[in-house]
file run18.cif (mmCIF, C-alpha atoms and all ligand atoms)
data_run
loop_
_atom_site.label_atom_id
_atom_site.label_comp_id
_atom_site.auth_asym_id
_atom_site.auth_seq_id
_atom_site.Cartn_x
_atom_site.Cartn_y
_atom_site.Cartn_z
CA MET P 1 192.11 -35.08 116.10
CA LEU P 2 188.85 -33.96 117.67
CA GLU P 3 186.08 -33.01 115.26
CA THR P 4 182.46 -32.03 115.43
CA GLU P 5 180.19 -32.36 112.42
CA ARG P 6 177.07 -30.18 112.37
CA LEU P 7 176.78 -30.71 116.12
CA THR P 8 173.38 -29.51 117.30
CA ILE P 9 171.29 -29.44 120.46
CA ARG P 10 167.80 -28.09 120.93
CA PHE P 11 166.20 -27.19 124.23
CA GLY P 12 162.53 -27.08 123.29
CA GLY P 13 162.33 -24.52 120.53
CA HIS P 14 165.74 -23.04 121.30
CA VAL P 15 168.74 -24.25 119.29
CA ALA P 16 171.60 -23.68 121.73
CA VAL P 17 174.27 -25.23 119.49
CA ASP P 18 173.42 -25.08 115.82
CA ALA P 19 175.25 -27.28 113.31
CA VAL P 20 178.75 -26.49 114.57
CA SER P 21 181.46 -28.13 112.45
CA CYS P 22 185.01 -27.69 113.74
CA ARG P 23 188.31 -29.55 113.74
CA PHE P 24 190.80 -29.27 116.58
CA VAL P 25 194.33 -30.22 115.67
CA PRO P 26 196.82 -31.59 118.26
CA GLY P 27 199.42 -29.02 119.24
CA THR P 28 196.93 -26.22 118.73
CA LEU P 29 195.19 -24.03 121.25
CA THR P 30 191.79 -22.92 120.00
CA ALA P 31 190.00 -20.15 121.84
CA ILE P 32 186.23 -20.33 121.68
CA VAL P 33 184.71 -16.92 122.15
CA GLY P 34 181.30 -15.36 121.87
CA PRO P 35 178.79 -13.38 123.87
CA ASN P 36 177.01 -14.72 126.97
CA GLY P 37 174.54 -17.40 125.98
CA ALA P 38 176.27 -18.04 122.65
CA GLY P 39 176.43 -21.78 123.36
CA LYS P 40 180.10 -22.18 124.35
CA THR P 41 179.54 -24.18 127.53
CA THR P 42 176.78 -26.18 125.86
CA TYR P 43 179.19 -27.02 123.03
CA PHE P 44 181.72 -28.29 125.59
CA ASN P 45 178.98 -30.33 127.24
CA LEU P 46 178.18 -31.94 123.91
CA VAL P 47 181.83 -32.69 123.15
CA SER P 48 182.52 -34.13 126.62
CA GLY P 49 179.28 -36.10 126.72
CA GLN P 50 177.53 -34.28 129.58
CA LEU P 51 174.76 -33.51 127.09
CA LYS P 52 173.40 -35.67 124.29
CA ALA P 53 173.33 -34.08 120.85
CA THR P 54 170.04 -33.69 119.02
CA SER P 55 171.93 -34.27 115.77
CA GLY P 56 175.43 -34.15 114.37
CA ARG P 57 178.52 -36.07 115.40
CA VAL P 58 181.59 -35.91 117.62
CA LEU P 59 184.67 -37.74 116.34
CA LEU P 60 187.94 -38.40 118.12
CA ASP P 61 190.75 -39.69 115.93
CA GLY P 62 188.19 -40.71 113.36
CA VAL P 63 186.05 -42.68 115.81
CA ASP P 64 182.43 -41.61 116.17
CA ILE P 65 181.96 -41.12 119.92
CA THR P 66 178.62 -39.29 119.71
CA ALA P 67 176.76 -42.10 121.48
CA GLU P 68 179.36 -42.64 124.19
CA PRO P 69 178.81 -41.52 127.78
CA ALA P 70 181.14 -38.96 129.31
CA SER P 71 183.11 -41.60 131.23
CA ALA P 72 184.00 -43.45 128.03
CA ARG P 73 185.12 -40.22 126.40
CA THR P 74 187.32 -39.40 129.39
CA HIS P 75 188.85 -42.81 129.02
CA ARG P 76 189.68 -41.97 125.41
CA GLY P 77 191.63 -38.92 126.52
CA LEU P 78 189.01 -36.23 126.33
CA GLY P 79 189.63 -34.09 129.39
CA ARG P 80 187.09 -31.69 130.74
CA ALA P 81 187.90 -29.82 133.92
CA PHE P 82 186.16 -31.49 136.82
CA GLN P 83 183.06 -29.77 138.03
CA LEU P 84 182.85 -29.09 141.74
CA THR P 85 180.21 -31.79 142.02
CA GLN P 86 182.81 -34.36 140.95
CA LEU P 87 185.22 -33.55 143.76
CA PHE P 88 185.16 -35.41 147.05
CA PRO P 89 184.35 -32.51 149.35
CA GLN P 90 185.28 -34.33 152.55
CA LEU P 91 188.68 -35.37 151.27
CA SER P 92 191.73 -33.19 151.25
CA VAL P 93 193.15 -31.43 148.22
CA LEU P 94 195.96 -33.96 147.99
CA GLU P 95 193.62 -36.93 148.36
CA ASN P 96 191.38 -35.64 145.59
CA VAL P 97 194.32 -35.25 143.24
CA ARG P 98 195.69 -38.63 144.26
CA LEU P 99 192.41 -40.29 143.32
CA ALA P 100 192.51 -38.59 139.94
CA VAL P 101 196.09 -39.81 139.39
CA GLN P 102 195.06 -43.33 140.40
CA SER P 103 192.05 -43.36 138.13
CA ARG P 104 194.44 -42.61 135.31
CA ARG P 105 197.08 -45.16 136.27
CA ARG P 106 194.83 -48.04 137.18
CA GLU P 107 192.53 -48.16 134.21
CA GLY P 108 189.40 -50.14 134.77
CA LEU P 109 189.72 -50.30 138.54
CA ARG P 110 187.38 -48.47 140.84
CA LEU P 111 188.86 -45.49 142.61
CA TRP P 112 188.36 -46.82 146.11
CA SER P 113 189.80 -50.26 145.53
CA VAL P 114 193.21 -48.76 144.95
CA TRP P 115 193.15 -46.47 147.93
CA LEU P 116 196.28 -47.94 149.47
CA ASP P 117 198.53 -47.31 146.60
CA GLN P 118 202.16 -46.74 146.01
CA ARG P 119 204.48 -43.90 146.52
CA ALA P 120 204.68 -42.87 142.88
CA THR P 121 201.02 -41.95 142.78
CA LEU P 122 201.34 -39.84 145.89
CA GLU P 123 204.47 -38.17 144.56
CA ARG P 124 202.73 -37.30 141.31
CA ALA P 125 199.76 -35.93 143.23
CA ARG P 126 202.06 -33.76 145.36
CA GLU P 127 203.76 -32.49 142.24
CA LEU P 128 200.45 -31.47 140.70
CA VAL P 129 199.29 -29.81 143.91
CA GLU P 130 202.51 -27.79 143.92
CA GLN P 131 202.10 -26.92 140.25
CA VAL P 132 198.74 -25.30 140.88
CA ALA P 133 200.17 -23.46 143.89
CA LEU P 134 198.07 -25.33 146.43
CA GLY P 135 201.04 -26.80 148.29
CA ASP P 136 200.21 -24.97 151.49
CA ARG P 137 196.60 -26.18 151.26
CA ALA P 138 197.35 -29.83 150.46
CA ASP P 139 195.68 -31.05 153.65
CA ALA P 140 192.67 -28.74 153.54
CA LEU P 141 189.31 -30.30 152.79
CA ALA P 142 188.19 -29.62 149.23
CA ALA P 143 184.90 -28.28 150.58
CA SER P 144 186.70 -25.67 152.64
CA LEU P 145 188.59 -24.07 149.75
CA PRO P 146 187.73 -20.61 148.51
CA HIS P 147 186.47 -20.41 144.95
CA GLY P 148 189.82 -19.64 143.30
CA ASP P 149 191.53 -22.55 145.04
CA GLN P 150 188.73 -24.90 144.02
CA ARG P 151 189.25 -23.90 140.40
CA LYS P 152 192.98 -24.61 140.76
CA LEU P 153 192.15 -28.00 142.26
CA GLU P 154 189.95 -28.74 139.25
CA VAL P 155 192.87 -27.95 136.96
CA ALA P 156 195.23 -30.20 138.96
CA MET P 157 192.74 -33.07 138.71
CA LEU P 158 192.32 -32.53 135.00
CA MET P 159 196.09 -32.64 134.53
CA ALA P 160 196.27 -35.80 136.64
CA LEU P 161 194.22 -37.56 133.98
CA GLU P 162 196.83 -36.70 131.35
CA PRO P 163 194.27 -36.25 128.61
CA SER P 164 195.16 -35.61 124.98
CA VAL P 165 192.39 -33.03 124.67
CA TYR P 166 192.03 -30.33 127.33
CA MET P 167 188.82 -28.34 127.59
CA PHE P 168 188.98 -25.25 129.78
CA ASP P 169 185.77 -23.27 130.29
CA GLU P 170 186.70 -19.83 131.63
CA PRO P 171 189.39 -21.35 133.84
CA THR P 172 190.26 -18.08 135.55
CA ALA P 173 186.71 -16.80 136.08
CA GLY P 174 186.28 -15.46 139.58
CA MET P 175 189.94 -15.93 140.47
CA SER P 176 192.04 -13.45 142.38
CA VAL P 177 194.76 -11.55 140.52
CA ASP P 178 197.33 -13.78 142.21
CA ASP P 179 195.70 -17.01 141.03
CA VAL P 180 195.14 -16.05 137.40
CA PRO P 181 198.83 -16.26 136.36
CA VAL P 182 199.17 -19.69 138.00
CA VAL P 183 196.48 -21.15 135.79
CA LEU P 184 197.59 -19.30 132.67
CA ASP P 185 201.15 -20.55 133.21
CA LEU P 186 199.86 -24.11 133.36
CA ILE P 187 197.97 -23.66 130.11
CA ARG P 188 201.09 -22.13 128.54
CA ALA P 189 203.13 -25.12 129.72
CA LEU P 190 200.60 -27.56 128.26
CA LYS P 191 200.70 -25.67 125.00
CA ALA P 192 204.50 -25.72 124.98
CA ARG P 193 204.44 -29.51 125.02
CA GLY P 194 203.22 -29.27 121.45
CA ASP P 195 201.13 -32.44 121.34
CA LYS P 196 198.01 -31.49 123.27
CA THR P 197 194.75 -30.33 121.78
CA ILE P 198 193.57 -27.41 123.89
CA LEU P 199 190.15 -25.78 123.76
CA LEU P 200 189.78 -22.64 125.82
CA VAL P 201 186.57 -20.72 126.38
CA GLU P 202 187.69 -17.30 127.50
CA HIS P 203 186.17 -13.84 127.64
CA LYS P 204 189.41 -11.98 128.34
CA MET P 205 190.60 -10.96 124.89
CA ASP P 206 194.16 -10.23 126.03
CA VAL P 207 194.45 -13.86 127.15
CA VAL P 208 192.93 -15.06 123.88
CA ARG P 209 195.29 -12.92 121.87
CA GLU P 210 198.32 -14.24 123.69
CA LEU P 211 197.47 -17.94 123.81
CA ALA P 212 195.28 -18.76 120.84
CA ASP P 213 196.61 -20.28 117.65
CA ARG P 214 193.09 -20.14 116.35
CA ILE P 215 189.80 -18.54 117.31
CA VAL P 216 186.33 -19.94 116.84
CA VAL P 217 183.47 -17.50 117.36
CA LEU P 218 180.06 -18.78 118.42
CA HIS P 219 177.03 -16.56 118.17
CA ASN P 220 173.45 -17.73 118.74
CA GLY P 221 174.76 -21.29 118.74
CA GLN P 222 176.35 -20.96 115.33
CA CYS P 223 180.01 -20.86 114.35
CA VAL P 224 180.29 -17.45 112.70
CA ALA P 225 184.07 -17.29 112.36
CA ASP P 226 186.98 -19.69 112.55
CA GLY P 227 190.54 -18.75 111.73
CA ARG P 228 193.79 -17.10 112.74
CA PRO P 229 193.44 -14.76 115.74
CA ALA P 230 194.43 -11.55 113.99
CA ASP P 231 192.09 -12.24 111.10
CA VAL P 232 189.15 -13.27 113.26
CA ILE P 233 189.50 -10.32 115.61
CA ALA P 234 189.66 -7.97 112.64
CA SER P 235 186.82 -9.55 110.71
CA ALA P 236 183.62 -7.59 110.23
CA VAL P 237 181.46 -10.49 111.36
CA VAL P 238 183.24 -10.60 114.73
CA GLN P 239 183.20 -6.86 115.14
CA GLN P 240 179.43 -7.00 114.79
CA ALA P 241 178.51 -10.31 116.37
CA TYR P 242 180.83 -10.32 119.33
CA LEU P 243 182.25 -6.91 119.90
CA GLY P 244 179.05 -5.04 119.12
CA GLY P 245 180.61 -3.13 116.26
CA ALA P 246 183.30 -1.60 118.45
CA ALA P 247 187.01 -2.09 117.90
CA PRO P 248 188.54 -4.58 120.37
CA GLU P 249 190.92 -1.90 121.62
CA ALA P 250 191.59 1.75 121.15
CA THR P 251 192.99 0.95 117.73
CA PRO P 252 191.16 2.00 114.57
CA SER P 253 188.61 -0.47 113.24
CA PRO P 254 189.86 -2.56 110.35
CA ARG P 255 188.53 -1.69 106.92
CA TYR P 256 186.34 -3.87 104.84
CA GLU P 257 188.97 -5.88 102.98
CA GLU P 258 188.04 -9.55 103.03
CA PRO P 259 190.12 -11.34 105.72
CA PRO P 260 191.38 -14.89 105.12
CA VAL P 261 189.03 -16.27 107.72
CA ARG P 262 186.30 -18.78 107.28
CA THR P 263 183.13 -16.92 108.04
CA ILE P 264 179.73 -18.48 107.98
CA PRO P 265 177.33 -15.59 107.55
CA ALA P 266 174.24 -17.69 106.94
CA VAL P 267 174.22 -21.32 107.90
CA ARG P 268 170.84 -21.85 106.26
CA GLU P 269 172.41 -21.27 102.85
CA ARG P 270 174.68 -24.25 103.24
CA ARG P 271 173.87 -27.56 101.63
CA PRO P 272 172.95 -30.43 103.93
CA HIS P 273 175.99 -32.55 104.72
CA ASP P 274 176.44 -36.06 103.54
CA HIS P 275 177.45 -38.16 106.50
CA GLY P 276 179.82 -40.44 104.61
N1 LIG F 1 169.97 -27.43 130.08
C1 LIG F 1 169.50 -26.37 129.40
N2 LIG F 1 168.18 -26.22 129.20
C2 LIG F 1 167.68 -25.17 128.48
N3 LIG F 1 168.45 -24.21 127.96
C3 LIG F 1 169.77 -24.29 128.14
C4 LIG F 1 170.37 -25.37 128.87
N4 LIG F 1 171.72 -25.20 128.88
C5 LIG F 1 171.95 -24.06 128.20
N5 LIG F 1 170.80 -23.51 127.75
C6 LIG F 1 170.67 -22.30 126.94
O1 LIG F 1 171.54 -22.43 125.84
C7 LIG F 1 172.12 -21.17 125.54
C8 LIG F 1 173.61 -21.28 125.54
O2 LIG F 1 174.07 -21.32 126.88
P1 LIG F 1 175.60 -21.55 127.26
O3 LIG F 1 175.66 -21.69 128.72
O4 LIG F 1 176.15 -22.65 126.44
O5 LIG F 1 176.24 -20.17 126.80
P2 LIG F 1 177.76 -19.66 126.97
O6 LIG F 1 178.22 -19.26 125.62
O7 LIG F 1 178.55 -20.65 127.72
O8 LIG F 1 177.54 -18.35 127.83
P3 LIG F 1 178.48 -17.69 128.97
O9 LIG F 1 179.52 -16.90 128.24
O10 LIG F 1 177.54 -16.82 129.73
O11 LIG F 1 179.04 -18.79 129.82
C9 LIG F 1 171.55 -20.17 126.52
O12 LIG F 1 170.47 -19.53 125.92
C10 LIG F 1 171.11 -21.05 127.66
O13 LIG F 1 170.06 -20.47 128.37
MG MG F 2 179.55 -20.66 129.54
#
call {"tool": "encode", "arguments": {"input": "run18.cif", "output": "structure tokens"}}
result
Amino acid sequence: MLETERLTIRFGGHVAVDAVSCRFVPGTLTAIVGPNGAGKTTYFNLVSGQLKATSGRVLLDGVDITAEPASARTHRGLGRAFQLTQLFPQLSVLENVRLAVQSRRREGLRLWSVWLDQRATLERARELVEQVALGDRADALAASLPHGDQRKLEVAMLMALEPSVYMFDEPTAGMSVDDVPVVLDLIRALKARGDKTILLVEHKMDVVRELADRIVVLHNGQCVADGRPADVIASAVVQQAYLGGAAPEATPSPRYEEPPVRTIPAVRERRPHDHG
């Protein structure tokens, strides 16, 4: 299980992620939602190790990994979609995916030292390229791909690592209408496997509603709601914090009955944690 305990980062005077405590259970897809600038991407960066926390902890299966670099966390099965900067732009789509497959299969070896590798690796890479619907672009240079195809390549490379925890940050942002279902189908398939921990930052509420087993709402760096989708979407705190007081759809706003959702209206009222 992945957990964060009062995870916090400050940029100067600005607290971008503010004492966020969450648990992510295997077999569960958690959508992380919140307005622009809420701290969602920064939270991912803290979990994956791209950023160093000011305070708080990240735990994976009970092990404190807060001090570990991103590479060590990847090795432990924490999978963050590759950023474009991590692709090899002058290699083809297939070669990029093949390197990702190899880095998974040959633990501890450098990518390039296993360049001439066996058929199985190539077959797996081809399979992944097909799965993200890039089969007809397998030989194109990564650098030459349009934005939507690059995002699909990132997903293929993430899947090549076979992580236990998948972190998707707006995976369909900027994609064409044809590409969106490809990526959503892959996330659905991962979810159907039942053993993966999936974190999904997503602005499209219809996608959240369909895929999420749980919703965490960040607002001003704080976790303001955490619970079942229907409850969170209906909760007053979300209506105000995220949806600006408006109903999520053309349905009447829910009344003020207390929903069974963990809301954290004022973090400052909470007692300091013991770290035992
Ligand atoms: N490296 C940084 N230095 C200073 N401030 C930063 C840095 N990274 C993020 N921030 C700030 O932290 C806050 C949270 O940003 P973040 O990108 O995590 O938001 P987000 O929820 O992902 O937003 P969006 O939905 O637009 O992607 C913002 O105010 C942002 O300007
Ligand atoms: Mg973001």
call {"tool": "axis_aligned_box", "arguments": {"input": "run18.cif", "around": "ligand LIG 1 (chain F)", "padding_each_side": "4 Å", "output": "lines of an AutoDock Vina configuration file"}}
result
center_x = 173.6
center_y = -22.1
center_z = 127.8
size_x = 19.8
size_y = 18.6
size_z = 12.5
call {"tool": "residues_near_ligand", "arguments": {"input": "run18.cif", "ligand": "ligand LIG 1 (chain F)", "cutoff": "7 Å", "atoms": "only C-alpha atoms and all ligand atoms", "output": "ChimeraX atom specification"}}
result
/P:11,16,34-43,221
call {"tool": "residues_around", "arguments": {"input": "run18.cif", "residues": "P:Gly148", "least_positions_apart": "4", "cutoff": "10 Å", "atoms": "all atoms listed in the file", "output": "CSV table (one decimal) with C-alpha atoms, in the frame of the given file"}}
result
chain,number,residue,atom,x,y,z
P,152,LYS,CA,193.0,-24.6,140.8
P,153,LEU,CA,192.2,-28.0,142.3
P,154,GLU,CA,190.0,-28.7,139.2
P,171,PRO,CA,189.4,-21.4,133.8
P,172,THR,CA,190.3,-18.1,135.6
P,173,ALA,CA,186.7,-16.8,136.1
P,174,GLY,CA,186.3,-15.5,139.6
P,175,MET,CA,189.9,-15.9,140.5
P,176,SER,CA,192.0,-13.4,142.4
P,177,VAL,CA,194.8,-11.6,140.5
P,178,ASP,CA,197.3,-13.8,142.2
P,179,ASP,CA,195.7,-17.0,141.0
P,180,VAL,CA,195.1,-16.0,137.4
call {"tool": "residues_near_point", "arguments": {"input": "run18.cif", "point": "(185.1, -40.6, 117.5)", "cutoff": "12 Å", "atoms": "all atoms listed in the file", "output": "VMD selection string"}}
result
chain P and resid 1 to 5 47 to 49 57 to 68 72 to 73 76 to 78
call {"tool": "atom_distance", "arguments": {"input": "run18.cif", "atom1": "atom CA of P:Gly194", "atom2": "atom CA of P:Asn96"}}
result
27.6 Å
call {"tool": "closest_residue", "arguments": {"input": "run18.cif", "among": "P:Asp136, P:Phe44, P:Val237, P:Ala31", "to": "ligand MG 2 (chain F)", "atoms": "all atoms listed in the file"}}
result
P:Phe44
call {"tool": "residues_around", "arguments": {"input": "run18.cif", "residues": "P:Val155", "least_positions_apart": "5", "cutoff": "10 Å", "atoms": "only C-alpha atoms", "output": "PyMOL selection string"}}
result
chain P and resi 80-82+97+128-129+131-132+149-150+160+166+168+171+183+186-187
call {"tool": "residues_around", "arguments": {"input": "run18.cif", "residues": "P:Glu95", "least_positions_apart": "5", "cutoff": "10 Å", "atoms": "all atoms listed in the file", "output": "ChimeraX atom specification"}}
result
/P:88,90,100-101,115,122,125-126,138-142
call {"tool": "closest_residue", "arguments": {"input": "run18.cif", "among": "P:Val207, P:Val93, P:Ala189, P:Val33", "to": "ligand MG 2 (chain F)", "atoms": "all atoms listed in the file"}}
result
P:Val33
call {"tool": "atom_distance", "arguments": {"input": "run18.cif", "atom1": "atom CA of P:Leu200", "atom2": "atom CA of P:Leu29"}}
result
7.2 Å
call {"tool": "atom_distance", "arguments": {"input": "run18.cif", "atom1": "atom CA of P:Ala70", "atom2": "atom CA of P:Leu218"}}
result
23.0 Å
call {"tool": "residues_around", "arguments": {"input": "run18.cif", "residues": "P:Met205", "least_positions_apart": "3", "cutoff": "9 Å", "atoms": "only C-alpha atoms", "output": "ChimeraX atom specification"}}
result
/P:33,202,208-210,248
call {"tool": "closest_residue", "arguments": {"input": "run18.cif", "among": "P:Gln102, P:Gln239, P:Asn45, P:Gln222", "to": "ligand MG 2 (chain F)", "atoms": "only C-alpha atoms and all ligand atoms"}}
result
P:Asn45
call {"tool": "closest_residue", "arguments": {"input": "run18.cif", "among": "P:Met157, P:Val20, P:Ala225, P:Ile32", "to": "ligand MG 2 (chain F)", "atoms": "only C-alpha atoms and all ligand atoms"}}
result
P:Ile32
call {"tool": "residues_near_point", "arguments": {"input": "run18.cif", "point": "(185.1, -26.6, 149.4)", "cutoff": "6 Å", "atoms": "only C-alpha atoms", "output": "list in words"}}
result
Pro89, Ala142, Ala143, Ser144 and Leu145 of chain P
